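Asks: Sharing structure31.pdb here; it has PDB, C-alpha atoms, pLDDT in the B column.
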```
ATOM      1  CA  MET A  19      32.468  37.037  23.804  1.00 67.00           C
ATOM      2  CA  GLN A  20      32.376  33.255  23.511  1.00 64.00           C
ATOM      3  CA  LYS A  21      32.971  31.595  26.880  1.00 72.00           C
ATOM      4  CA  ILE A  22      33.024  27.910  25.885  1.00 75.00           C
ATOM      5  CA  THR A  23      34.690  26.385  22.824  1.00 74.00           C
ATOM      6  CA  PRO A  24      32.972  23.144  21.788  1.00 77.00           C
ATOM      7  CA  PHE A  25      35.625  20.436  21.456  1.00 76.00           C
ATOM      8  CA  LEU A  26      34.463  17.518  19.323  1.00 77.00           C
ATOM      9  CA  TRP A  27      36.290  14.174  19.234  1.00 78.00           C
ATOM     10  CA  PHE A  28      36.304  12.068  16.058  1.00 75.00           C
ATOM     11  CA  ASP A  29      37.722   8.594  15.504  1.00 76.00           C
ATOM     12  CA  ASN A  30      38.839   9.920  12.108  1.00 79.00           C
ATOM     13  CA  ASN A  31      38.025  12.529   9.433  1.00 83.00           C
ATOM     14  CA  ALA A  32      37.899  15.712  11.558  1.00 86.00           C
ATOM     15  CA  GLU A  33      39.205  17.716   8.599  1.00 90.00           C
ATOM     16  CA  GLU A  34      36.515  16.359   6.277  1.00 91.00           C
ATOM     17  CA  ALA A  35      33.818  17.168   8.838  1.00 89.00           C
ATOM     18  CA  MET A  36      35.181  20.710   9.270  1.00 92.00           C
ATOM     19  CA  ASN A  37      35.203  21.287   5.502  1.00 94.00           C
ATOM     20  CA  PHE A  38      31.624  20.021   5.254  1.00 92.00           C
ATOM     21  CA  TYR A  39      30.314  22.328   7.987  1.00 91.00           C
ATOM     22  CA  VAL A  40      32.214  25.350   6.645  1.00 94.00           C
ATOM     23  CA  SER A  41      30.693  24.693   3.201  1.00 95.00           C
ATOM     24  CA  ILE A  42      27.073  24.769   4.425  1.00 93.00           C
ATOM     25  CA  PHE A  43      27.148  27.773   6.802  1.00 90.00           C
ATOM     26  CA  LYS A  44      27.509  31.194   5.142  1.00 87.00           C
ATOM     27  CA  ASN A  45      29.376  33.026   7.910  1.00 91.00           C
ATOM     28  CA  SER A  46      32.087  30.387   8.369  1.00 95.00           C
ATOM     29  CA  LYS A  47      35.821  29.990   7.967  1.00 95.00           C
ATOM     30  CA  VAL A  48      38.618  27.499   8.499  1.00 96.00           C
ATOM     31  CA  GLY A  49      41.007  28.337  11.330  1.00 95.00           C
ATOM     32  CA  THR A  50      44.101  26.286  12.068  1.00 95.00           C
ATOM     33  CA  ILE A  51      44.947  22.728  11.106  1.00 95.00           C
ATOM     34  CA  VAL A  52      47.588  20.858  13.128  1.00 93.00           C
ATOM     35  CA  ARG A  53      48.900  17.865  11.233  1.00 92.00           C
ATOM     36  CA  HIS A  54      50.655  14.703  12.365  1.00 89.00           C
ATOM     37  CA  GLY A  55      54.390  14.585  11.684  1.00 91.00           C
ATOM     38  CA  ASP A  56      56.846  11.742  11.145  1.00 91.00           C
ATOM     39  CA  ALA A  57      56.448  10.557  14.741  1.00 87.00           C
ATOM     40  CA  GLY A  58      52.664  10.123  14.440  1.00 79.00           C
ATOM     41  CA  PRO A  59      50.610   8.899  16.120  1.00 82.00           C
ATOM     42  CA  GLY A  60      48.435   9.282  13.012  1.00 82.00           C
ATOM     43  CA  PRO A  61      49.476   9.090   9.368  1.00 85.00           C
ATOM     44  CA  LYS A  62      51.971  11.813   8.434  1.00 90.00           C
ATOM     45  CA  GLY A  63      50.171  14.879   7.079  1.00 91.00           C
ATOM     46  CA  SER A  64      46.730  13.901   8.380  1.00 88.00           C
ATOM     47  CA  ALA A  65      44.877  16.380  10.582  1.00 90.00           C
ATOM     48  CA  MET A  66      45.266  15.924  14.318  1.00 90.00           C
ATOM     49  CA  THR A  67      43.239  18.999  15.376  1.00 90.00           C
ATOM     50  CA  VAL A  68      41.288  21.575  13.395  1.00 93.00           C
ATOM     51  CA  THR A  69      39.631  24.825  14.437  1.00 93.00           C
ATOM     52  CA  PHE A  70      36.970  26.709  12.522  1.00 93.00           C
ATOM     53  CA  GLN A  71      34.162  29.243  12.913  1.00 93.00           C
ATOM     54  CA  LEU A  72      30.474  28.726  12.203  1.00 91.00           C
ATOM     55  CA  GLU A  73      28.310  31.839  12.469  1.00 89.00           C
ATOM     56  CA  GLY A  74      30.983  33.443  14.659  1.00 87.00           C
ATOM     57  CA  ARG A  75      31.311  30.486  17.058  1.00 88.00           C
ATOM     58  CA  ILE A  76      34.677  28.762  17.338  1.00 90.00           C
ATOM     59  CA  PHE A  77      34.841  24.955  17.237  1.00 89.00           C
ATOM     60  CA  THR A  78      37.762  22.581  17.754  1.00 90.00           C
ATOM     61  CA  ARG A  79      37.791  19.020  16.439  1.00 88.00           C
ATOM     62  CA  LEU A  80      40.242  16.272  17.261  1.00 86.00           C
ATOM     63  CA  THR A  81      40.978  13.129  15.278  1.00 83.00           C
ATOM     64  CA  ALA A  82      42.105  10.355  17.598  1.00 74.00           C
ATOM     65  CA  ALA A  83      41.430   6.712  18.294  1.00 62.00           C
ATOM     66  CA  ARG A  84      38.735   5.989  20.811  1.00 56.00           C
ATOM     67  CA  ILE A  85      40.029   5.515  24.336  1.00 52.00           C
ATOM     68  CA  THR A  86      36.717   4.474  25.878  1.00 52.00           C
ATOM     69  CA  ASN A  87      33.718   2.457  24.799  1.00 50.00           C
ATOM     70  CA  SER A  88      31.569   5.576  24.773  1.00 52.00           C
ATOM     71  CA  ARG A  89      31.374   7.836  21.740  1.00 53.00           C
ATOM     72  CA  ARG A  90      29.811  10.586  23.837  1.00 55.00           C
ATOM     73  CA  GLN A  91      32.490  12.924  25.048  1.00 55.00           C
ATOM     74  CA  PHE A  92      32.294  16.588  25.961  1.00 54.00           C
ATOM     75  CA  ARG A  93      35.201  18.890  26.657  1.00 55.00           C
ATOM     76  CA  SER A  94      35.454  22.648  27.013  1.00 53.00           C
ATOM     77  CA  SER A  95      38.353  25.052  26.980  1.00 51.00           C
TER      78      SER A  95
END
```
In structure tokens, write the structure found in this file.
Replies:
Amino acid sequence: MQKITPFLWFDNNAEEAMNFYVSIFKNSKVGTIVRHGDAGPGPKGSAMTVTFQLEGRIFTRLTAARITNSRRQFRSS
């Protein structure tokens, strides 16, 4: 059983990154995609969070503007 879900933060393009990784790993699949609505904060219809599996491991990616000067962020759930 997986204990930690890697949570990766992107300034933009989380959905594109997910689709890329799913395309190169054989045992992979797209999970859920949560999209921005009319209220934002991102463009309506763009991905806010995405989940997917690579070789049985679950990953979550978030598209959001940077809130710090550091691009290195690690979160677990």
Asks: Can you measure atom CA of Val52 of chain A to atom CA of Gln71 of chain A for me? One decimal in Å is fine.
Replies: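 Atom CA of Gln71 of chain A lies at a distance of 15.8 Å from atom CA of Val52 of chain A.
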Asks: Find the residue from A:Phe70, A:Phe43, A:Phe28, A:Phe38 that sits nearest to Ala82 of chain A; use only C-alpha atoms when measuring.
Replies: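 Among the listed residues, the smallest separation from Ala82 of chain A belongs to A:Phe28.
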Asks: What does the structure give for the distance between atom CA of Ile42 of chain A and atom CA of Gly74 of chain A, in Å to one decimal?
Replies: 14.0 Å
Asks: Out of A:Gly49, A:Ala35, A:Thr81, A:Gly55, which residue has the shortest atom-to-atom distance to Thr67 of chain A when counting only C-alpha atoms?
Replies: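 Using only C-alpha atoms, Thr67 of chain A sits closest to A:Thr81.
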Asks: Please provide the set of residues having any atom within 10 Å of Phe77 of chain A, restricted to only C-alpha atoms, with same-chain residues fewer than 3 positions apart removed, written as number ranges by chain.
Replies: A: 22-26, 36, 48-49, 68-72, 74
Asks: Put those residues in a file: C-alpha atoms, as a short mmCIF file (atom, residue, chain, number, x, y, z; two decimals), in the frame of the given file.
Replies:
```
data_model
loop_
_atom_site.label_atom_id
_atom_site.label_comp_id
_atom_site.auth_asym_id
_atom_site.auth_seq_id
_atom_site.Cartn_x
_atom_site.Cartn_y
_atom_site.Cartn_z
CA ILE A 22 33.02 27.91 25.88
CA THR A 23 34.69 26.38 22.82
CA PRO A 24 32.97 23.14 21.79
CA PHE A 25 35.62 20.44 21.46
CA LEU A 26 34.46 17.52 19.32
CA MET A 36 35.18 20.71 9.27
CA VAL A 48 38.62 27.50 8.50
CA GLY A 49 41.01 28.34 11.33
CA VAL A 68 41.29 21.58 13.40
CA THR A 69 39.63 24.82 14.44
CA PHE A 70 36.97 26.71 12.52
CA GLN A 71 34.16 29.24 12.91
CA LEU A 72 30.47 28.73 12.20
CA GLY A 74 30.98 33.44 14.66
#
```
Asks: Using atom CA of Ala65 of chain A and atom CA of Glu33 of chain A as the two end points, give the distance in Å to one decimal.
Replies: 6.2 Å
Asks: Kindly indicate which residue among A:Lys21, A:Asp29, A:His54, A:Pro59 lies nearest to Ile76 of chain A, using only C-alpha atoms for the distances.
Replies: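 Smallest distance to Ile76 of chain A is found for A:Lys21.
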Asks: Of the candidates A:Val40, A:Ile51, A:Ala57, A:Leu80, which one gets nearest to Trp27 of chain A if we count only C-alpha atoms?
Replies: A:Leu80
Asks: When you count all atoms listed in the file, which of these residues is closest to Thr78 of chain A: A:Ser64, A:Lys44, A:Thr50, A:Gly58?
Replies: A:Thr50
